[in-house]
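Scroll down for the structure; my scribbles are underneath it.
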Amino acid sequence: MTDGPVVAVRGEAYREVAPELARFQVTATARERDREVTLTRLAERAAAVRVLLDEHAAALDRREAGDLRVRPETNRSGERVVGYHGSVTTSVTVTDFAVLAELMLRLADQEQVEVAGPWWSLRPDSPAHREARHAAIADALHRAREYAEALGARVTALLELADAEEGFAPMAGAAFSRMEKGAPPELELDPQPQTVHAVVRARFTVSDPVLP
């Protein structure tokens, strides 16, 4: 039990901040009649992808091997194998946005390679999350004081403070595949602002109100 009146409020804050990370996926594929040839082609194309990523290692936050898939392809009856299809996907996270477009285009220009993304985001420990939480707490206190003042009272103590929800919305980009030979293409990717949302619920005790 608490002595005296209690006011319960909801504090909320929105922040729009620049992204800190850009993630994309690059998938190398191969399709041949012979299984060994398919695997050889797939290994060669995956190696070419690794070489390009190695050249831009300083701009990468991480690279993670994803799915490796090799499956037989059958005729219409499903009784006879007529070929093999293989693919290997790598997820790449970039911190240097200045080289992002060039890297994605160079990867997309490789034989039988598809690139999808980028998806923009913040780091899990980004200061933007903390700043939004602090702003939400300040908003809750401001609201509590407004309610108290309307009653001729004042906030005296904090009883409870809890997170309600928090998050941010990552933004997606585009998809690329191999382009025709010719002049090197140019592409500008504008980083998408990230919306950070923090909500808290708080309960405060207030002094006795002065009622009419």
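Residue numbering restarts at 1 in every chain; chains get A, B, ... in the order shown in the structure tokens, and ligands count up from 1 in that same order.
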Any idea what's packed within 12 Å of stretch 60-67 of chain A, counting only C-alpha atoms, ignoring anything in its chain fewer than 4 positions away? Could you give it as a PyMOL selection string? chain A and resi 20-29+46+49-50+52-56+86-100+103+123
Residues within 9 Å of A:Ala150, only C-alpha atoms, excluding chain neighbours under 4 positions, as an mmCIF file with N, CA and C atoms, in the first residue's frame:
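This went into result-v2.cif:
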```cif
data_model
loop_
_atom_site.group_PDB
_atom_site.id
_atom_site.type_symbol
_atom_site.label_atom_id
_atom_site.label_comp_id
_atom_site.auth_asym_id
_atom_site.auth_seq_id
_atom_site.Cartn_x
_atom_site.Cartn_y
_atom_site.Cartn_z
ATOM 1 N N ARG A 145 4.132 15.557 -13.764
ATOM 2 C CA ARG A 145 4.126 16.896 -13.170
ATOM 3 C C ARG A 145 2.967 17.738 -13.701
ATOM 4 N N GLU A 146 2.654 17.576 -14.995
ATOM 5 C CA GLU A 146 1.512 18.305 -15.557
ATOM 6 C C GLU A 146 0.214 17.913 -14.863
ATOM 7 N N PRO A 209 -3.883 16.790 -3.446
ATOM 8 C CA PRO A 209 -4.328 17.812 -4.388
ATOM 9 C C PRO A 209 -5.157 18.900 -3.703
#
```
Surrounding residues of A:Val37 excluding itself and chain neighbours under 3 positions, 12 Å, only C-alpha atoms, as a PyMOL selection string: chain A and resi 30-34+40-44+70+83-86
Expected file: the selected residues, N, CA, C and O atoms, as a PDB file, in the first residue's frame:
```
ATOM      1  N   ALA A  30      24.935 -22.338 -59.346  1.00  0.00           N
ATOM      2  CA  ALA A  30      25.460 -23.135 -60.465  1.00  0.00           C
ATOM      3  C   ALA A  30      24.420 -24.176 -60.831  1.00  0.00           C
ATOM      4  O   ALA A  30      23.751 -24.739 -59.957  1.00  0.00           O
ATOM      5  N   ARG A  31      24.308 -24.440 -62.132  1.00  0.00           N
ATOM      6  CA  ARG A  31      23.369 -25.449 -62.606  1.00  0.00           C
ATOM      7  C   ARG A  31      24.020 -26.183 -63.780  1.00  0.00           C
ATOM      8  O   ARG A  31      24.319 -25.586 -64.798  1.00  0.00           O
ATOM      9  N   GLU A  32      24.269 -27.463 -63.587  1.00  0.00           N
ATOM     10  CA  GLU A  32      24.880 -28.286 -64.634  1.00  0.00           C
ATOM     11  C   GLU A  32      24.234 -29.668 -64.614  1.00  0.00           C
ATOM     12  O   GLU A  32      23.558 -30.046 -63.639  1.00  0.00           O
ATOM     13  N   ARG A  33      24.470 -30.410 -65.672  1.00  0.00           N
ATOM     14  CA  ARG A  33      23.915 -31.762 -65.729  1.00  0.00           C
ATOM     15  C   ARG A  33      24.639 -32.716 -64.796  1.00  0.00           C
ATOM     16  O   ARG A  33      24.050 -33.629 -64.237  1.00  0.00           O
ATOM     17  N   ASP A  34      25.933 -32.498 -64.656  1.00  0.00           N
ATOM     18  CA  ASP A  34      26.754 -33.388 -63.829  1.00  0.00           C
ATOM     19  C   ASP A  34      26.915 -32.799 -62.425  1.00  0.00           C
ATOM     20  O   ASP A  34      27.147 -31.600 -62.268  1.00  0.00           O
ATOM     21  N   THR A  40      31.870 -27.979 -58.699  1.00  0.00           N
ATOM     22  CA  THR A  40      33.086 -27.260 -59.085  1.00  0.00           C
ATOM     23  C   THR A  40      32.765 -25.817 -59.459  1.00  0.00           C
ATOM     24  O   THR A  40      33.435 -24.879 -59.028  1.00  0.00           O
ATOM     25  N   ARG A  41      31.737 -25.635 -60.288  1.00  0.00           N
ATOM     26  CA  ARG A  41      31.327 -24.285 -60.698  1.00  0.00           C
ATOM     27  C   ARG A  41      30.908 -23.463 -59.476  1.00  0.00           C
ATOM     28  O   ARG A  41      31.251 -22.285 -59.356  1.00  0.00           O
ATOM     29  N   LEU A  42      30.172 -24.093 -58.584  1.00  0.00           N
ATOM     30  CA  LEU A  42      29.704 -23.376 -57.392  1.00  0.00           C
ATOM     31  C   LEU A  42      30.875 -22.943 -56.523  1.00  0.00           C
ATOM     32  O   LEU A  42      30.913 -21.806 -56.025  1.00  0.00           O
ATOM     33  N   ALA A  43      31.848 -23.836 -56.354  1.00  0.00           N
ATOM     34  CA  ALA A  43      33.019 -23.500 -55.547  1.00  0.00           C
ATOM     35  C   ALA A  43      33.803 -22.355 -56.178  1.00  0.00           C
ATOM     36  O   ALA A  43      34.297 -21.462 -55.479  1.00  0.00           O
ATOM     37  N   GLU A  44      33.935 -22.364 -57.498  1.00  0.00           N
ATOM     38  CA  GLU A  44      34.661 -21.292 -58.187  1.00  0.00           C
ATOM     39  C   GLU A  44      33.959 -19.946 -58.005  1.00  0.00           C
ATOM     40  O   GLU A  44      34.613 -18.927 -57.756  1.00  0.00           O
ATOM     41  N   VAL A  70      22.414 -27.938 -52.482  1.00  0.00           N
ATOM     42  CA  VAL A  70      22.656 -28.668 -53.731  1.00  0.00           C
ATOM     43  C   VAL A  70      21.520 -29.673 -53.871  1.00  0.00           C
ATOM     44  O   VAL A  70      21.301 -30.502 -52.976  1.00  0.00           O
ATOM     45  N   GLY A  83      19.810 -32.993 -63.984  1.00  0.00           N
ATOM     46  CA  GLY A  83      20.803 -31.977 -63.669  1.00  0.00           C
ATOM     47  C   GLY A  83      20.849 -31.704 -62.179  1.00  0.00           C
ATOM     48  O   GLY A  83      20.112 -32.326 -61.394  1.00  0.00           O
ATOM     49  N   TYR A  84      21.728 -30.790 -61.810  1.00  0.00           N
ATOM     50  CA  TYR A  84      21.892 -30.429 -60.401  1.00  0.00           C
ATOM     51  C   TYR A  84      21.965 -28.907 -60.278  1.00  0.00           C
ATOM     52  O   TYR A  84      22.521 -28.227 -61.152  1.00  0.00           O
ATOM     53  N   HIS A  85      21.372 -28.419 -59.211  1.00  0.00           N
ATOM     54  CA  HIS A  85      21.377 -26.983 -58.946  1.00  0.00           C
ATOM     55  C   HIS A  85      21.974 -26.750 -57.565  1.00  0.00           C
ATOM     56  O   HIS A  85      21.585 -27.395 -56.588  1.00  0.00           O
ATOM     57  N   GLY A  86      22.927 -25.843 -57.498  1.00  0.00           N
ATOM     58  CA  GLY A  86      23.555 -25.531 -56.217  1.00  0.00           C
ATOM     59  C   GLY A  86      23.600 -24.040 -55.969  1.00  0.00           C
ATOM     60  O   GLY A  86      23.639 -23.235 -56.909  1.00  0.00           O
TER      61      GLY A  86
END
```
Which of these residues is nearest to A:Ala101, using only C-alpha atoms: A:Ala8, A:Leu189, A:Ala148, A:Ala136?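 Checking each of A:Ala8, A:Leu189, A:Ala148, A:Ala136 against A:Ala101, counting only C-alpha atoms, the winner is A:Leu189.
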Secondary structure check, strand (DSSP E) residues of stretch 64-105 of chain A, as a count of residues only: 25
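The interatomic distance for the pair atom CA of A:Arg10 and atom CA of A:Leu151 works out to 18.4 Å.
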If you count only C-alpha atoms, which residues fall within 8 Å of A:Ser207, apart from same-chain ones fewer than 4 positions away, as number ranges by chain? A: 4-5, 153-156
Any chance you can output those residues with N, CA and C atoms as a PDB file, in the first residue's frame?
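Dumped everything to part-v8.pdb:
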```pdb
ATOM      1  N   GLY A   4      -1.149   8.275   0.192  1.00  0.00           N
ATOM      2  CA  GLY A   4      -1.366   9.429  -0.656  1.00  0.00           C
ATOM      3  C   GLY A   4      -1.731   9.066  -2.075  1.00  0.00           C
ATOM      4  N   PRO A   5      -2.075  10.065  -2.865  1.00  0.00           N
ATOM      5  CA  PRO A   5      -2.484   9.841  -4.253  1.00  0.00           C
ATOM      6  C   PRO A   5      -1.334   9.333  -5.118  1.00  0.00           C
ATOM      7  N   ALA A 153      -1.070  20.006  -6.984  1.00  0.00           N
ATOM      8  CA  ALA A 153      -0.183  19.140  -6.209  1.00  0.00           C
ATOM      9  C   ALA A 153       1.194  19.114  -6.855  1.00  0.00           C
ATOM     10  N   ARG A 154       2.065  18.288  -6.285  1.00  0.00           N
ATOM     11  CA  ARG A 154       3.403  18.147  -6.844  1.00  0.00           C
ATOM     12  C   ARG A 154       3.833  16.686  -6.747  1.00  0.00           C
ATOM     13  N   VAL A 155       4.713  16.280  -7.666  1.00  0.00           N
ATOM     14  CA  VAL A 155       5.250  14.921  -7.645  1.00  0.00           C
ATOM     15  C   VAL A 155       6.212  14.793  -6.477  1.00  0.00           C
ATOM     16  N   THR A 156       6.047  13.724  -5.701  1.00  0.00           N
ATOM     17  CA  THR A 156       6.890  13.557  -4.512  1.00  0.00           C
ATOM     18  C   THR A 156       7.852  12.373  -4.593  1.00  0.00           C
TER      19      THR A 156
END
```
Taking 5 positions as the minimum chain separation for residues in the same chain, which residues sit within 7 Å of A:Glu16 when counting only C-alpha atoms? Answer as a PyMOL selection string. chain A and resi 193-196
Would you save the residues from that selection as a short mmCIF file (atom, residue, chain, number, x, y, z; two decimals), in the first residue's frame, using C-alpha atoms?
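selection39.cif, written as the output of this step:
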```cif
data_model
loop_
_atom_site.label_atom_id
_atom_site.label_comp_id
_atom_site.auth_asym_id
_atom_site.auth_seq_id
_atom_site.Cartn_x
_atom_site.Cartn_y
_atom_site.Cartn_z
CA PRO A 193 17.02 6.95 -41.46
CA GLN A 194 16.10 4.59 -38.63
CA THR A 195 13.17 5.26 -36.32
CA VAL A 196 13.92 4.48 -32.68
#
```
